[in-house]
$ cat run24.pdb   # PDB, C-alpha atoms
ATOM      1  CA  MET W   1       0.476 -15.685 -25.106
ATOM      2  CA  ALA W   2      -1.372 -17.367 -27.980
ATOM      3  CA  SER W   3       0.632 -19.094 -30.668
ATOM      4  CA  GLU W   4       0.954 -17.363 -34.051
ATOM      5  CA  ARG W   5       1.266 -20.655 -35.922
ATOM      6  CA  MET W   6      -1.747 -21.970 -37.881
ATOM      7  CA  PHE W   7      -3.234 -25.307 -36.851
ATOM      8  CA  THR W   8      -5.479 -27.377 -39.125
ATOM      9  CA  VAL W   9      -8.395 -29.433 -37.835
ATOM     10  CA  GLY W  10     -10.171 -32.142 -39.792
ATOM     11  CA  LEU W  11     -13.938 -32.574 -40.068
ATOM     12  CA  ASP W  12     -15.926 -35.532 -41.354
ATOM     13  CA  GLU W  13     -19.339 -37.139 -40.882
ATOM     14  CA  ALA W  14     -20.716 -40.664 -40.671
ATOM     15  CA  GLY W  15     -24.221 -41.836 -41.408
ATOM     16  CA  ARG W  16     -25.527 -39.824 -44.348
ATOM     17  CA  GLY W  17     -26.770 -42.916 -46.170
ATOM     18  CA  PRO W  18     -28.610 -44.945 -43.516
ATOM     19  CA  LEU W  19     -32.375 -45.171 -43.183
ATOM     20  CA  ALA W  20     -32.211 -45.022 -39.394
ATOM     21  CA  GLY W  21     -30.316 -43.418 -36.554
ATOM     22  CA  PRO W  22     -28.392 -40.172 -36.250
ATOM     23  CA  VAL W  23     -25.757 -38.577 -38.395
ATOM     24  CA  THR W  24     -22.520 -37.987 -36.507
ATOM     25  CA  ALA W  25     -19.333 -36.030 -37.080
ATOM     26  CA  GLY W  26     -15.809 -35.817 -35.779
ATOM     27  CA  CYS W  27     -13.439 -32.877 -35.478
ATOM     28  CA  VAL W  28      -9.779 -33.564 -34.737
ATOM     29  CA  LEU W  29      -6.627 -31.535 -34.173
ATOM     30  CA  LEU W  30      -3.665 -33.906 -34.307
ATOM     31  CA  PRO W  31      -0.452 -33.227 -32.395
ATOM     32  CA  ASP W  32       2.750 -33.023 -34.405
ATOM     33  CA  ASP W  33       4.009 -36.314 -32.970
ATOM     34  CA  PHE W  34       0.899 -38.348 -33.791
ATOM     35  CA  PRO W  35       1.672 -41.630 -35.655
ATOM     36  CA  VAL W  36      -0.312 -40.789 -38.793
ATOM     37  CA  GLU W  37       0.713 -44.074 -40.446
ATOM     38  CA  LEU W  38      -1.960 -45.712 -38.273
ATOM     39  CA  LEU W  39      -4.698 -43.607 -39.886
ATOM     40  CA  ASP W  40      -6.773 -44.067 -43.024
ATOM     41  CA  ASP W  41     -10.285 -43.393 -44.231
ATOM     42  CA  SER W  42     -12.417 -45.135 -41.594
ATOM     43  CA  LYS W  43     -14.143 -47.228 -44.284
ATOM     44  CA  ARG W  44     -10.800 -48.762 -45.300
ATOM     45  CA  LEU W  45      -9.730 -49.806 -41.805
ATOM     46  CA  SER W  46     -10.668 -53.106 -40.222
ATOM     47  CA  PRO W  47     -12.867 -52.802 -37.120
ATOM     48  CA  LYS W  48      -9.904 -53.767 -34.927
ATOM     49  CA  LYS W  49      -7.553 -51.188 -36.459
ATOM     50  CA  ARG W  50     -10.291 -48.522 -36.414
ATOM     51  CA  ALA W  51     -10.964 -49.109 -32.715
ATOM     52  CA  ALA W  52      -7.242 -48.936 -31.909
ATOM     53  CA  ALA W  53      -6.886 -45.731 -33.909
ATOM     54  CA  GLU W  54      -9.891 -44.171 -32.157
ATOM     55  CA  LYS W  55      -8.399 -44.944 -28.746
ATOM     56  CA  LEU W  56      -5.113 -43.296 -29.723
ATOM     57  CA  ILE W  57      -6.878 -40.243 -31.166
ATOM     58  CA  GLN W  58      -8.901 -39.827 -27.981
ATOM     59  CA  GLU W  59      -5.776 -40.165 -25.836
ATOM     60  CA  ARG W  60      -3.446 -37.870 -27.775
ATOM     61  CA  ALA W  61      -5.423 -35.507 -30.035
ATOM     62  CA  CYS W  62      -7.875 -32.715 -29.302
ATOM     63  CA  TRP W  63     -11.194 -33.962 -30.634
ATOM     64  CA  GLY W  64     -14.937 -33.405 -30.680
ATOM     65  CA  PHE W  65     -17.953 -35.526 -31.572
ATOM     66  CA  GLY W  66     -21.279 -34.228 -32.854
ATOM     67  CA  VAL W  67     -24.643 -35.988 -33.105
ATOM     68  CA  VAL W  68     -27.851 -34.938 -34.893
ATOM     69  CA  SER W  69     -30.914 -37.125 -34.386
ATOM     70  CA  ASN W  70     -33.112 -38.835 -36.945
ATOM     71  CA  GLU W  71     -35.968 -36.443 -36.038
ATOM     72  CA  GLU W  72     -33.825 -33.431 -36.854
ATOM     73  CA  ILE W  73     -32.607 -35.065 -40.068
ATOM     74  CA  ASP W  74     -36.258 -35.339 -41.119
ATOM     75  CA  ARG W  75     -36.842 -31.729 -40.139
ATOM     76  CA  ILE W  76     -33.853 -29.989 -41.788
ATOM     77  CA  ASN W  77     -32.643 -32.625 -44.350
ATOM     78  CA  ILE W  78     -29.568 -34.842 -44.239
ATOM     79  CA  LEU W  79     -27.132 -32.325 -45.760
ATOM     80  CA  GLN W  80     -27.959 -29.628 -43.225
ATOM     81  CA  ALA W  81     -27.922 -32.199 -40.423
ATOM     82  CA  SER W  82     -24.453 -33.390 -41.503
ATOM     83  CA  LEU W  83     -23.120 -29.840 -41.501
ATOM     84  CA  LYS W  84     -24.713 -29.185 -38.112
ATOM     85  CA  ALA W  85     -23.069 -32.313 -36.670
ATOM     86  CA  MET W  86     -19.695 -31.031 -37.904
ATOM     87  CA  ALA W  87     -20.313 -27.656 -36.269
ATOM     88  CA  ILE W  88     -21.220 -29.367 -32.978
ATOM     89  CA  ALA W  89     -18.052 -31.486 -33.149
ATOM     90  CA  TYR W  90     -15.963 -28.374 -33.842
ATOM     91  CA  ARG W  91     -17.416 -26.529 -30.830
ATOM     92  CA  MET W  92     -16.739 -29.542 -28.591
ATOM     93  CA  MET W  93     -13.131 -29.679 -29.788
ATOM     94  CA  LEU W  94     -12.779 -25.933 -29.196
ATOM     95  CA  ARG W  95     -13.998 -26.248 -25.590
ATOM     96  CA  LYS W  96     -11.335 -28.903 -24.924
ATOM     97  CA  LEU W  97      -8.521 -26.964 -26.594
ATOM     98  CA  PRO W  98      -7.218 -24.826 -23.681
ATOM     99  CA  ALA W  99      -6.870 -27.814 -21.347
ATOM    100  CA  TRP W 100      -5.329 -29.919 -24.148
ATOM    101  CA  CYS W 101      -2.714 -27.248 -24.849
ATOM    102  CA  ALA W 102      -1.930 -26.885 -21.153
ATOM    103  CA  ALA W 103      -1.517 -30.644 -20.717
ATOM    104  CA  ARG W 104       0.995 -30.698 -23.571
ATOM    105  CA  GLY W 105       2.924 -27.664 -22.313
ATOM    106  CA  MET W 106       1.903 -25.679 -25.394
ATOM    107  CA  ALA W 107       0.986 -22.035 -25.724
ATOM    108  CA  GLU W 108      -2.791 -21.663 -25.872
ATOM    109  CA  ILE W 109      -4.191 -21.943 -29.399
ATOM    110  CA  ALA W 110      -6.710 -19.194 -30.080
ATOM    111  CA  GLU W 111      -9.486 -19.742 -32.613
ATOM    112  CA  PRO W 112      -7.966 -17.284 -35.145
ATOM    113  CA  ALA W 113      -4.978 -19.642 -35.330
ATOM    114  CA  LEU W 114      -7.202 -22.486 -36.572
ATOM    115  CA  ASP W 115      -8.312 -23.478 -40.036
ATOM    116  CA  ALA W 116     -10.234 -26.570 -41.085
ATOM    117  CA  ILE W 117     -10.600 -29.116 -43.867
ATOM    118  CA  ALA W 118     -14.029 -30.753 -44.228
ATOM    119  CA  ASP W 119     -14.657 -33.870 -46.256
ATOM    120  CA  GLY W 120     -17.253 -33.312 -48.975
ATOM    121  CA  THR W 121     -18.494 -30.511 -51.182
ATOM    122  CA  PHE W 122     -20.197 -28.289 -48.586
ATOM    123  CA  CYS W 123     -18.581 -26.462 -45.666
ATOM    124  CA  PRO W 124     -20.080 -26.183 -42.193
ATOM    125  CA  ALA W 125     -20.542 -22.769 -40.608
ATOM    126  CA  ILE W 126     -17.871 -22.679 -37.905
ATOM    127  CA  GLY W 127     -15.741 -20.011 -36.284
ATOM    128  CA  CYS W 128     -12.576 -20.508 -38.329
ATOM    129  CA  ALA W 129     -11.713 -20.582 -42.014
ATOM    130  CA  VAL W 130     -12.783 -23.889 -43.557
ATOM    131  CA  ARG W 131     -12.421 -25.435 -46.979
ATOM    132  CA  CYS W 132     -14.258 -28.518 -48.203
ATOM    133  CA  GLU W 133     -12.725 -31.152 -50.420
ATOM    134  CA  PRO W 134     -14.199 -34.403 -51.740
ATOM    135  CA  LYS W 135     -12.303 -37.498 -50.561
ATOM    136  CA  ALA W 136     -10.402 -35.456 -47.986
ATOM    137  CA  ASP W 137     -10.777 -38.436 -45.654
ATOM    138  CA  ALA W 138      -8.409 -40.362 -47.925
ATOM    139  CA  ARG W 139      -5.788 -37.590 -48.150
ATOM    140  CA  TYR W 140      -5.426 -35.654 -44.891
ATOM    141  CA  PRO W 141      -4.571 -37.360 -41.592
ATOM    142  CA  CYS W 142      -6.662 -34.929 -39.522
ATOM    143  CA  VAL W 143      -9.729 -35.712 -41.667
ATOM    144  CA  MET W 144      -8.988 -39.445 -41.507
ATOM    145  CA  ALA W 145      -8.961 -39.085 -37.721
ATOM    146  CA  ALA W 146     -12.255 -37.191 -37.804
ATOM    147  CA  SER W 147     -13.812 -39.925 -39.927
ATOM    148  CA  ILE W 148     -12.719 -42.539 -37.379
ATOM    149  CA  ILE W 149     -14.201 -40.571 -34.464
ATOM    150  CA  ALA W 150     -17.467 -40.105 -36.385
ATOM    151  CA  LYS W 151     -17.835 -43.736 -37.459
ATOM    152  CA  GLU W 152     -16.816 -45.402 -34.216
ATOM    153  CA  GLY W 153     -19.067 -43.107 -32.206
ATOM    154  CA  ARG W 154     -22.036 -43.717 -34.484
ATOM    155  CA  ASP W 155     -21.521 -47.472 -34.488
ATOM    156  CA  ARG W 156     -21.712 -47.494 -30.679
ATOM    157  CA  ILE W 157     -24.962 -45.525 -30.792
ATOM    158  CA  MET W 158     -26.433 -48.033 -33.230
ATOM    159  CA  LEU W 159     -25.374 -50.943 -30.998
ATOM    160  CA  ASP W 160     -27.267 -49.284 -28.145
ATOM    161  CA  TYR W 161     -30.318 -48.943 -30.390
ATOM    162  CA  ASP W 162     -30.025 -52.598 -31.342
ATOM    163  CA  ARG W 163     -30.531 -53.504 -27.687
ATOM    164  CA  LEU W 164     -33.680 -51.364 -27.619
ATOM    165  CA  TYR W 165     -35.069 -52.564 -30.964
ATOM    166  CA  PRO W 166     -33.481 -55.979 -31.628
ATOM    167  CA  ALA W 167     -35.925 -56.983 -34.381
ATOM    168  CA  TYR W 168     -34.436 -54.426 -36.788
ATOM    169  CA  GLY W 169     -30.859 -55.757 -36.790
ATOM    170  CA  TYR W 170     -29.124 -52.434 -36.183
ATOM    171  CA  ALA W 171     -26.036 -54.165 -34.769
ATOM    172  CA  ARG W 172     -25.454 -55.791 -38.161
ATOM    173  CA  HIS W 173     -26.214 -53.062 -40.665
ATOM    174  CA  LYS W 174     -25.995 -49.894 -38.500
ATOM    175  CA  GLY W 175     -29.138 -48.557 -40.157
ATOM    176  CA  TYR W 176     -27.895 -48.766 -43.743
ATOM    177  CA  PRO W 177     -30.400 -49.825 -46.425
ATOM    178  CA  THR W 178     -29.658 -53.532 -46.589
ATOM    179  CA  PRO W 179     -32.363 -55.927 -47.856
ATOM    180  CA  ALA W 180     -32.813 -57.270 -44.309
ATOM    181  CA  HIS W 181     -33.284 -53.768 -42.909
ATOM    182  CA  LYS W 182     -35.836 -52.826 -45.566
ATOM    183  CA  LYS W 183     -37.674 -56.105 -45.001
ATOM    184  CA  ALA W 184     -37.896 -55.461 -41.248
ATOM    185  CA  CYS W 185     -39.289 -51.979 -41.879
ATOM    186  CA  ARG W 186     -41.926 -53.328 -44.258
ATOM    187  CA  GLU W 187     -42.986 -56.088 -41.882
ATOM    188  CA  LEU W 188     -42.756 -54.256 -38.561
ATOM    189  CA  GLY W 189     -43.244 -50.649 -39.579
ATOM    190  CA  PRO W 190     -40.729 -47.930 -38.764
ATOM    191  CA  SER W 191     -38.882 -48.064 -35.464
ATOM    192  CA  PRO W 192     -38.617 -44.864 -33.372
ATOM    193  CA  ILE W 193     -35.218 -44.114 -34.925
ATOM    194  CA  GLN W 194     -36.196 -44.486 -38.585
ATOM    195  CA  ARG W 195     -35.689 -41.485 -40.853
ATOM    196  CA  LEU W 196     -39.208 -41.017 -42.126
ATOM    197  CA  SER W 197     -38.179 -38.585 -44.872
ATOM    198  CA  PHE W 198     -36.051 -41.261 -46.592
ATOM    199  CA  SER W 199     -37.343 -43.558 -49.311
ATOM    200  CA  TYR W 200     -37.679 -47.262 -48.525
TER     201      TYR W 200
END

$ encode --input "run24.pdb" --output "structure tokens"
Amino acid sequence: MASERMFTVGLDEAGRGPLAGPVTAGCVLLPDDFPVELLDDSKRLSPKKRAAAEKLIQERACWGFGVVSNEEIDRINILQASLKAMAIAYRMMLRKLPAWCAARGMAEIAEPALDAIADGTFCPAIGCAVRCEPKADARYPCVMAASIIAKEGRDRIMLDYDRLYPAYGYARHKGYPTPAHKKACRELGPSPIQRLSFSY
């Protein structure tokens, strides 16, 4: 029998500001016994603490990760791409939910028992009630966890791209508009992962 309790998932994105690479998102449902004191907005955690927190989230929480490519960002704009990445992350989390509940000896959580908090001022179109709130990633542990999943996952993607296109320095700046990144684009032209709709 499905639980009648409401469960809140957190949603957040990473990579709205860069000039290159995808935008990613995380969706996380934290268990009641999760050590939330280890969480914070991903931007405020050191790389070591962020990596440790991601590992714990992946081991103990029910989570999803969404990716939308630079080509699609150019096609539908960065806001819509960010919301789409959140929706993808939510659907991934939802697919994992029955097995996660079973592994924890919990009654199955049906989608009507879920609600969501999304960081920002626009809500993604997902299958449960969702509210958006600016700076939610600094206030709600489930959104903090989502921000960590989104950032760590995106950083790994950009490290992979750095191996493909080492002249652009993606390992250092992760695609953000640093002077070195802009200089490389001017001198070398856009790489295959540049967002061509963004201003340089």

$ resolve_selection --input "run24.pdb" --expression "the PyMOL selection byres ((chain W and resi 17) around 8)" --output "ChimeraX atom specification"
/W:15-16,18-19,176-177

$ atom_distance --input "run24.pdb" --atom1 "CA of Gln194 (chain W)" --atom2 "CA of Ala14 (chain W)"
16.1 Å

$ closest_residue --input "run24.pdb" --among "W:Ala53, W:Cys132, W:Ala171, W:Ala61" --to "Leu97 (chain W)" --atoms "only C-alpha atoms"
W:Ala61

$ residues_around --input "run24.pdb" --residues "region 184-186 of chain W" --least-positions-apart "3" --cutoff "9 Å" --atoms "all atoms listed in the file" --output "list in words"
Ala167, Tyr168, Gly169, Pro179, Ala180, His181, Gly189, Pro190, Ser191, Gln194 and Tyr200 of chain W

$ residues_around --input "run24.pdb" --residues "Lys96 (chain W)" --least-positions-apart "5" --cutoff "10 Å" --atoms "only C-alpha atoms" --output "list of chain:residue names"
W:Cys62, W:Trp63, W:Gly64, W:Arg91, W:Cys101

$ write_last_selection --input "run24.pdb" --atoms "C-alpha atoms" --output "CSV table (one decimal), in the coordinates of the input"
chain,number,residue,atom,x,y,z
W,62,CYS,CA,-7.9,-32.7,-29.3
W,63,TRP,CA,-11.2,-34.0,-30.6
W,64,GLY,CA,-14.9,-33.4,-30.7
W,91,ARG,CA,-17.4,-26.5,-30.8
W,101,CYS,CA,-2.7,-27.2,-24.8

$ decode --input "run24.pdb" --residues "region 26-114 of chain W" --atoms "C-alpha atoms" --output "PDB file, in the first residue's frame"
ATOM      1  CA  GLY W  26      19.693  17.279  -9.901  1.00  0.00           C
ATOM      2  CA  CYS W  27      16.578  15.963  -8.194  1.00  0.00           C
ATOM      3  CA  VAL W  28      16.903  14.479  -4.715  1.00  0.00           C
ATOM      4  CA  LEU W  29      14.621  12.864  -2.155  1.00  0.00           C
ATOM      5  CA  LEU W  30      16.509  12.649   1.132  1.00  0.00           C
ATOM      6  CA  PRO W  31      15.789   9.938   3.695  1.00  0.00           C
ATOM      7  CA  ASP W  32      14.782  11.062   7.168  1.00  0.00           C
ATOM      8  CA  ASP W  33      18.090   9.897   8.642  1.00  0.00           C
ATOM      9  CA  PHE W  34      20.324  11.748   6.178  1.00  0.00           C
ATOM     10  CA  PRO W  35      23.057  13.859   7.887  1.00  0.00           C
ATOM     11  CA  VAL W  36      21.900  17.213   6.503  1.00  0.00           C
ATOM     12  CA  GLU W  37      24.643  19.060   8.409  1.00  0.00           C
ATOM     13  CA  LEU W  38      27.006  17.877   5.658  1.00  0.00           C
ATOM     14  CA  LEU W  39      25.013  19.753   3.006  1.00  0.00           C
ATOM     15  CA  ASP W  40      25.134  23.330   1.760  1.00  0.00           C
ATOM     16  CA  ASP W  41      24.713  25.227  -1.476  1.00  0.00           C
ATOM     17  CA  SER W  42      27.194  23.485  -3.788  1.00  0.00           C
ATOM     18  CA  LYS W  43      28.943  26.804  -4.512  1.00  0.00           C
ATOM     19  CA  ARG W  44      29.798  27.212  -0.815  1.00  0.00           C
ATOM     20  CA  LEU W  45      31.341  23.768  -0.351  1.00  0.00           C
ATOM     21  CA  SER W  46      34.977  22.992  -1.021  1.00  0.00           C
ATOM     22  CA  PRO W  47      35.566  20.501  -3.850  1.00  0.00           C
ATOM     23  CA  LYS W  48      36.532  17.838  -1.302  1.00  0.00           C
ATOM     24  CA  LYS W  49      33.419  18.339   0.840  1.00  0.00           C
ATOM     25  CA  ARG W  50      31.197  18.538  -2.263  1.00  0.00           C
ATOM     26  CA  ALA W  51      32.565  15.248  -3.599  1.00  0.00           C
ATOM     27  CA  ALA W  52      32.059  13.553  -0.222  1.00  0.00           C
ATOM     28  CA  ALA W  53      28.512  14.885  -0.006  1.00  0.00           C
ATOM     29  CA  GLU W  54      27.728  13.686  -3.539  1.00  0.00           C
ATOM     30  CA  LYS W  55      28.934  10.180  -2.699  1.00  0.00           C
ATOM     31  CA  LEU W  56      26.710  10.068   0.384  1.00  0.00           C
ATOM     32  CA  ILE W  57      23.698  11.400  -1.533  1.00  0.00           C
ATOM     33  CA  GLN W  58      24.171   8.770  -4.229  1.00  0.00           C
ATOM     34  CA  GLU W  59      24.497   6.016  -1.624  1.00  0.00           C
ATOM     35  CA  ARG W  60      21.585   6.956   0.634  1.00  0.00           C
ATOM     36  CA  ALA W  61      19.116   9.229  -1.194  1.00  0.00           C
ATOM     37  CA  CYS W  62      16.865   8.681  -4.190  1.00  0.00           C
ATOM     38  CA  TRP W  63      18.263  10.951  -6.882  1.00  0.00           C
ATOM     39  CA  GLY W  64      18.207  11.808 -10.567  1.00  0.00           C
ATOM     40  CA  PHE W  65      20.499  13.719 -12.911  1.00  0.00           C
ATOM     41  CA  GLY W  66      19.432  15.546 -16.059  1.00  0.00           C
ATOM     42  CA  VAL W  67      21.541  16.869 -18.936  1.00  0.00           C
ATOM     43  CA  VAL W  68      20.603  19.191 -21.821  1.00  0.00           C
ATOM     44  CA  SER W  69      23.232  19.783 -24.497  1.00  0.00           C
ATOM     45  CA  ASN W  70      24.696  23.030 -25.768  1.00  0.00           C
ATOM     46  CA  GLU W  71      22.922  22.475 -29.122  1.00  0.00           C
ATOM     47  CA  GLU W  72      19.552  22.273 -27.407  1.00  0.00           C
ATOM     48  CA  ILE W  73      20.365  25.313 -25.268  1.00  0.00           C
ATOM     49  CA  ASP W  74      20.914  27.241 -28.507  1.00  0.00           C
ATOM     50  CA  ARG W  75      17.667  25.880 -29.902  1.00  0.00           C
ATOM     51  CA  ILE W  76      15.264  26.469 -26.976  1.00  0.00           C
ATOM     52  CA  ASN W  77      17.178  29.044 -24.810  1.00  0.00           C
ATOM     53  CA  ILE W  78      18.948  28.543 -21.495  1.00  0.00           C
ATOM     54  CA  LEU W  79      15.886  29.021 -19.262  1.00  0.00           C
ATOM     55  CA  GLN W  80      13.858  26.373 -21.065  1.00  0.00           C
ATOM     56  CA  ALA W  81      16.890  24.079 -21.183  1.00  0.00           C
ATOM     57  CA  SER W  82      17.382  24.465 -17.411  1.00  0.00           C
ATOM     58  CA  LEU W  83      13.753  23.590 -16.743  1.00  0.00           C
ATOM     59  CA  LYS W  84      13.976  20.623 -19.111  1.00  0.00           C
ATOM     60  CA  ALA W  85      17.076  19.334 -17.297  1.00  0.00           C
ATOM     61  CA  MET W  86      15.146  19.505 -14.011  1.00  0.00           C
ATOM     62  CA  ALA W  87      12.258  17.561 -15.538  1.00  0.00           C
ATOM     63  CA  ILE W  88      14.673  14.893 -16.816  1.00  0.00           C
ATOM     64  CA  ALA W  89      16.282  14.625 -13.367  1.00  0.00           C
ATOM     65  CA  TYR W  90      12.846  14.301 -11.749  1.00  0.00           C
ATOM     66  CA  ARG W  91      11.820  11.477 -14.108  1.00  0.00           C
ATOM     67  CA  MET W  92      15.090   9.640 -13.414  1.00  0.00           C
ATOM     68  CA  MET W  93      14.515   9.939  -9.666  1.00  0.00           C
ATOM     69  CA  LEU W  94      10.939   8.704 -10.101  1.00  0.00           C
ATOM     70  CA  ARG W  95      12.097   5.592 -11.988  1.00  0.00           C
ATOM     71  CA  LYS W  96      14.454   4.726  -9.111  1.00  0.00           C
ATOM     72  CA  LEU W  97      11.876   5.347  -6.384  1.00  0.00           C
ATOM     73  CA  PRO W  98      10.182   1.910  -6.122  1.00  0.00           C
ATOM     74  CA  ALA W  99      13.488   0.056  -5.769  1.00  0.00           C
ATOM     75  CA  TRP W 100      14.795   2.696  -3.325  1.00  0.00           C
ATOM     76  CA  CYS W 101      11.717   2.322  -1.123  1.00  0.00           C
ATOM     77  CA  ALA W 102      11.968  -1.464  -1.221  1.00  0.00           C
ATOM     78  CA  ALA W 103      15.652  -1.395  -0.267  1.00  0.00           C
ATOM     79  CA  ARG W 104      14.826   0.743   2.767  1.00  0.00           C
ATOM     80  CA  GLY W 105      11.861  -1.399   3.828  1.00  0.00           C
ATOM     81  CA  MET W 106       9.476   1.489   3.161  1.00  0.00           C
ATOM     82  CA  ALA W 107       5.991   1.458   1.720  1.00  0.00           C
ATOM     83  CA  GLU W 108       6.101   2.451  -1.944  1.00  0.00           C
ATOM     84  CA  ILE W 109       5.883   6.210  -2.489  1.00  0.00           C
ATOM     85  CA  ALA W 110       3.412   7.041  -5.242  1.00  0.00           C
ATOM     86  CA  GLU W 111       3.829  10.221  -7.275  1.00  0.00           C
ATOM     87  CA  PRO W 112       0.752  11.898  -5.699  1.00  0.00           C
ATOM     88  CA  ALA W 113       2.614  11.724  -2.379  1.00  0.00           C
ATOM     89  CA  LEU W 114       5.437  13.892  -3.760  1.00  0.00           C
TER      90      LEU W 114
END
